[in-house]
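*Asks:* Contents are compact mmCIF, C-alpha atoms; file name query.txt:
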# COMPACT_ATOMS: atom_id res chain seq x y z
CA ASP A 1 137.81 91.50 221.03
CA GLY A 2 139.21 92.14 217.57
CA GLY A 3 136.91 93.26 214.86
CA ILE A 4 135.68 95.94 212.51
CA THR A 5 133.50 98.81 213.63
CA GLN A 6 131.43 101.03 211.39
CA SER A 7 129.66 104.11 212.53
CA PRO A 8 127.00 105.25 212.53
CA LYS A 9 124.60 102.34 211.93
CA TYR A 10 122.08 104.65 210.22
CA LEU A 11 122.86 107.91 208.48
CA PHE A 12 120.50 110.42 206.89
CA ARG A 13 121.56 113.25 204.61
CA LYS A 14 120.05 115.78 202.29
CA GLU A 15 120.80 115.58 198.60
CA GLY A 16 123.84 117.64 197.65
CA GLN A 17 125.71 117.08 200.90
CA ASN A 18 128.90 115.08 201.24
CA VAL A 19 128.92 112.46 204.00
CA THR A 20 131.74 110.40 205.51
CA LEU A 21 131.31 106.84 206.74
CA SER A 22 133.71 105.56 209.37
CA CYS A 23 135.49 102.19 209.35
CA GLU A 24 137.99 101.10 212.00
CA GLN A 25 139.65 97.71 212.50
CA ASN A 26 141.85 96.35 215.28
CA LEU A 27 142.72 93.10 213.55
CA ASN A 28 146.11 94.40 212.37
CA HIS A 29 145.03 93.66 208.80
CA ASP A 30 146.91 95.27 205.94
CA ALA A 31 144.06 95.39 203.41
CA MET A 32 140.74 97.16 203.72
CA TYR A 33 137.73 97.37 201.39
CA TRP A 34 134.50 99.26 200.88
CA TYR A 35 131.46 97.63 199.30
CA ARG A 36 128.05 98.88 198.36
CA GLN A 37 125.04 96.57 198.69
CA ASP A 38 121.70 97.12 196.97
CA PRO A 39 118.79 94.67 197.10
CA GLY A 40 119.28 91.86 194.59
CA GLN A 41 122.67 93.19 193.48
CA GLY A 42 125.06 91.41 195.77
CA LEU A 43 128.16 93.33 196.87
CA ARG A 44 130.00 95.71 194.58
CA LEU A 45 133.50 96.93 195.33
CA ILE A 46 133.95 100.70 195.65
CA TYR A 47 137.57 101.09 196.77
CA TYR A 48 140.27 98.99 198.35
CA SER A 49 143.58 99.70 200.06
CA GLN A 50 146.52 97.34 200.35
CA ILE A 51 148.72 99.52 202.55
CA VAL A 52 148.67 102.88 204.28
CA ASN A 53 148.59 105.89 201.94
CA ASP A 54 147.66 103.73 198.96
CA PHE A 55 144.25 102.81 197.54
CA GLN A 56 142.72 101.69 194.26
CA LYS A 57 139.35 102.12 192.60
CA GLY A 58 137.00 99.21 192.48
CA ASP A 59 134.12 98.61 190.09
CA ILE A 60 131.93 101.55 191.13
CA ALA A 61 134.26 104.29 192.45
CA GLU A 62 132.58 107.25 190.74
CA GLY A 63 131.16 109.67 193.28
CA TYR A 64 133.16 108.24 196.17
CA SER A 65 136.51 109.06 197.77
CA VAL A 66 138.64 107.41 200.46
CA SER A 67 141.77 107.95 202.50
CA ARG A 68 144.10 105.58 204.35
CA GLU A 69 146.26 107.62 206.70
CA LYS A 70 146.38 104.93 209.39
CA LYS A 71 146.45 101.16 209.12
CA GLU A 72 143.38 100.90 211.34
CA SER A 73 141.15 103.39 209.54
CA PHE A 74 139.63 103.59 206.06
CA PRO A 75 136.89 106.27 205.88
CA LEU A 76 134.63 106.54 202.85
CA THR A 77 133.19 109.86 201.65
CA VAL A 78 130.05 109.76 199.56
CA THR A 79 130.12 112.95 197.54
CA SER A 80 127.29 114.92 195.99
CA ALA A 81 128.45 113.56 192.62
CA GLN A 82 127.18 110.07 193.48
CA LYS A 83 123.89 109.77 191.60
CA ASN A 84 122.18 107.18 193.81
CA PRO A 85 123.87 107.21 197.21
CA THR A 86 121.10 105.54 199.21
CA ALA A 87 122.42 102.04 199.98
CA PHE A 88 123.92 99.74 202.61
CA TYR A 89 127.69 100.22 202.88
CA LEU A 90 129.98 97.49 204.15
CA CYS A 91 133.61 97.77 205.17
CA ALA A 92 135.87 94.73 205.21
CA SER A 93 139.48 93.84 205.90
CA SER A 94 141.85 90.97 205.19
CA ILE A 95 145.24 90.08 206.59
CA PHE A 96 146.85 90.67 203.20
CA PRO A 97 145.39 91.85 199.93
CA GLY A 98 144.38 89.27 197.35
CA ARG A 99 143.15 85.74 197.77
CA TYR A 100 142.39 85.80 201.44
CA GLU A 101 139.17 85.74 203.36
CA GLN A 102 137.69 89.12 204.18
CA TYR A 103 136.07 90.01 207.47
CA PHE A 104 133.17 92.43 207.48
CA GLY A 105 131.89 95.17 209.72
CA PRO A 106 128.20 95.55 210.64
CA GLY A 107 127.49 98.08 207.90
CA THR A 108 126.07 101.59 207.63
CA ARG A 109 122.72 102.26 206.01
CA LEU A 110 122.81 105.63 204.26
CA THR A 111 119.60 107.34 203.22
CA VAL A 112 119.77 110.48 201.09
CA THR A 113 116.58 112.47 200.46
CA ALA B 1 134.95 87.10 182.15
CA GLN B 2 135.26 86.01 185.74
CA SER B 3 131.93 85.65 187.46
CA VAL B 4 129.99 83.75 190.06
CA THR B 5 126.35 82.77 189.73
CA GLN B 6 123.85 81.80 192.36
CA PRO B 7 120.91 80.47 190.34
CA ASP B 8 118.36 80.57 193.16
CA ILE B 9 117.21 83.98 194.35
CA HIS B 10 114.98 82.62 197.12
CA ILE B 11 114.65 79.16 198.67
CA THR B 12 112.16 78.03 201.31
CA VAL B 13 112.71 74.88 203.35
CA SER B 14 111.05 73.33 206.37
CA GLU B 15 112.91 73.23 209.64
CA GLY B 16 114.77 69.93 209.93
CA ALA B 17 114.97 69.43 206.17
CA SER B 18 118.24 69.28 204.28
CA LEU B 19 119.55 72.26 202.35
CA GLU B 20 121.66 72.77 199.26
CA LEU B 21 122.48 76.23 197.88
CA ARG B 22 124.03 76.34 194.45
CA CYS B 23 127.05 78.33 193.31
CA ASN B 24 128.73 78.23 189.91
CA TYR B 25 131.81 80.15 188.89
CA SER B 26 133.39 81.06 185.61
CA TYR B 27 137.19 81.12 185.75
CA GLY B 28 140.00 79.50 183.82
CA ALA B 29 141.89 78.08 186.78
CA THR B 30 141.11 76.96 190.31
CA PRO B 31 139.75 79.89 192.26
CA TYR B 32 139.67 80.51 195.96
CA LEU B 33 136.02 80.06 197.02
CA PHE B 34 134.03 81.35 199.96
CA TRP B 35 130.54 81.21 201.41
CA TYR B 36 129.24 84.05 203.59
CA VAL B 37 125.97 84.48 205.49
CA GLN B 38 124.19 87.76 206.19
CA SER B 39 121.34 88.32 208.62
CA PRO B 40 119.03 91.26 207.83
CA GLY B 41 120.72 94.62 208.40
CA GLN B 42 123.98 93.00 209.44
CA GLY B 43 127.44 92.46 208.02
CA LEU B 44 128.63 89.25 206.37
CA GLN B 45 130.00 86.32 208.33
CA LEU B 46 132.38 83.81 206.77
CA LEU B 47 130.96 80.28 206.81
CA LEU B 48 133.74 78.40 205.04
CA LYS B 49 136.44 78.64 202.41
CA TYR B 50 138.18 76.46 199.85
CA PHE B 51 141.74 77.10 198.77
CA SER B 52 143.05 73.67 197.74
CA GLY B 53 143.21 70.06 198.87
CA ASP B 54 140.20 68.14 200.10
CA THR B 55 137.22 69.16 197.98
CA LEU B 56 134.75 68.77 200.85
CA VAL B 57 135.19 71.58 203.35
CA GLN B 58 133.57 71.96 206.73
CA GLY B 59 132.48 75.31 208.09
CA ILE B 60 130.79 76.84 211.05
CA LYS B 61 127.18 76.28 212.12
CA GLY B 62 127.13 72.76 210.65
CA PHE B 63 127.58 73.85 207.03
CA GLU B 64 129.76 72.15 204.46
CA ALA B 65 130.54 72.77 200.80
CA GLU B 66 131.91 70.63 198.00
CA PHE B 67 134.16 71.92 195.24
CA LYS B 68 133.55 70.18 191.91
CA ARG B 69 136.02 71.27 189.28
CA SER B 70 134.24 69.43 186.47
CA GLN B 71 131.04 71.31 187.17
CA SER B 72 132.63 74.64 188.20
CA SER B 73 130.52 74.48 191.32
CA PHE B 74 130.86 75.07 195.03
CA ASN B 75 127.50 74.16 196.54
CA LEU B 76 126.71 74.77 200.19
CA ARG B 77 124.92 72.05 202.17
CA LYS B 78 123.46 71.46 205.60
CA PRO B 79 121.84 68.17 206.65
CA SER B 80 119.20 69.68 208.94
CA VAL B 81 118.16 73.33 208.81
CA HIS B 82 117.31 75.31 211.93
CA TRP B 83 115.00 78.34 212.02
CA SER B 84 118.03 80.49 212.90
CA ASP B 85 119.59 79.66 209.51
CA ALA B 86 117.11 81.98 207.79
CA ALA B 87 119.34 84.61 206.19
CA GLU B 88 120.92 85.54 202.88
CA TYR B 89 123.85 83.51 201.63
CA PHE B 90 126.58 84.74 199.32
CA CYS B 91 129.11 82.77 197.33
CA ALA B 92 132.35 84.56 196.41
CA PHE B 93 135.58 83.78 194.65
CA ALA B 94 139.02 85.24 194.13
CA GLY B 95 141.17 84.53 191.09
CA ALA B 96 144.95 84.36 190.85
CA GLY B 97 146.56 87.76 191.07
CA SER B 98 143.28 89.41 191.97
CA TYR B 99 142.99 91.82 194.84
CA GLN B 100 139.25 91.52 195.22
CA LEU B 101 136.48 89.05 195.84
CA THR B 102 133.72 88.66 193.28
CA PHE B 103 130.36 88.01 194.92
CA GLY B 104 127.25 86.31 193.65
CA LYS B 105 123.95 88.13 194.02
CA GLY B 106 122.91 86.00 196.95
CA THR B 107 120.27 83.42 197.83
CA LYS B 108 117.72 84.28 200.47
CA LEU B 109 116.78 81.33 202.67
CA SER B 110 113.44 81.19 204.44
CA VAL B 111 112.74 78.46 206.99
CA ILE B 112 109.22 77.24 207.73
CA PRO B 113 108.70 76.12 211.35
Transcribe the structure of this file into structure tokens.

*Replies:*
Amino acid sequence: DGGITQSPKYLFRKEGQNVTLSCEQNLNHDAMYWYRQDPGQGLRLIYYSQIVNDFQKGDIAEGYSVSREKKESFPLTVTSAQKNPTAFYLCASSIFPGRYEQYFGPGTRLTVT
Amino acid sequence: AQSVTQPDIHITVSEGASLELRCNYSYGATPYLFWYVQSPGQGLQLLLKYFSGDTLVQGIKGFEAEFKRSQSSFNLRKPSVHWSDAAEYFCAFAGAGSYQLTFGKGTKLSVIP
């Protein structure tokens, strides 16, 4: 079955540590996205990538970094510079970038203490 | 500024009753519009989308939505709610030339047996 996988489901880290969240898709989609979700805030775009080896900042990129070395993979690193990293992180993909429906993974809940 | 508003933070309905969730957008042209559903701790699932054409669109799980240009609205409806419909619902839109979706803050639906 095609889809998007995110691992792990739950992640715990100490303050000051960098942490990388995994996102893999086998839908053969060109575009991939990372969102952050906080209660009552909806989804906010962190980074997106239209093609391999290219990515752009979204609305809240500060304290985050990404890479896109393979079409299938778009890992997100939450760095120690991110002031409030505890949140639910969602990865998505779409067949092309732009005005197309996005398909979401199951999410990773990150807790930093 | 481009935005999408979901006026209702939380709605409670009885099982078997009809449902309407409101969504209003602010955009100078016709946007691409989407409704997603999210169960607790899960990713988002696409319910339906509007790109052009017939203003009444059918989606999965018995949902439908109507695009009203004059009211800048894209309300989601279901004639008879089931207990399994309890979830959070997000409206989203994409404007011309945009590479991202803009999400509303969501409406949480509770269903009374």

*Asks:* Which chain A residues are at most 8 Å from chain B (counting all atoms listed in the file), as a list in words?

*Replies:*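 Listing them in order of chain and number gives Gly40, Gln41, Gly42, Leu43, Arg44, Leu45, Leu90, Pro97, Gly98, Arg99, Glu101, Gln102, Tyr103, Phe104, Gly105, Pro106 and Gly107 of chain A.
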
*Asks:* One decimal, in Å: what's the spacing between CA of Cys91 (chain A) and CA of Leu19 (chain B)?

*Replies:*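 According to the coordinates, CA of Cys91 (chain A) and CA of Leu19 (chain B) are separated by 29.3 Å.
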
*Asks:* Which residue, A:Tyr47, A:Phe74, A:Tyr89, A:Phe96, has the smallest gap to Pro8 (chain A) when you use only C-alpha atoms?

*Replies:*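 Smallest separation from Pro8 (chain A) among the options: A:Tyr89.
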
*Asks:* Could you tell me how far CA of Val81 (chain B) lies from CA of Val37 (chain B), in Å and to one decimal?

*Replies:*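 The value is 14.0 Å.
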
*Asks:* What is the CA of Lys78 (chain B) to CA of Gln37 (chain A) distance in Å?

*Replies:* 26.1 Å

*Asks:* Return the single residue from A:Gln6, A:Gln82, A:Ser49, A:Ser93 that is closest to Gly63 (chain A), with distances computed using only C-alpha atoms.

*Replies:* A:Gln82
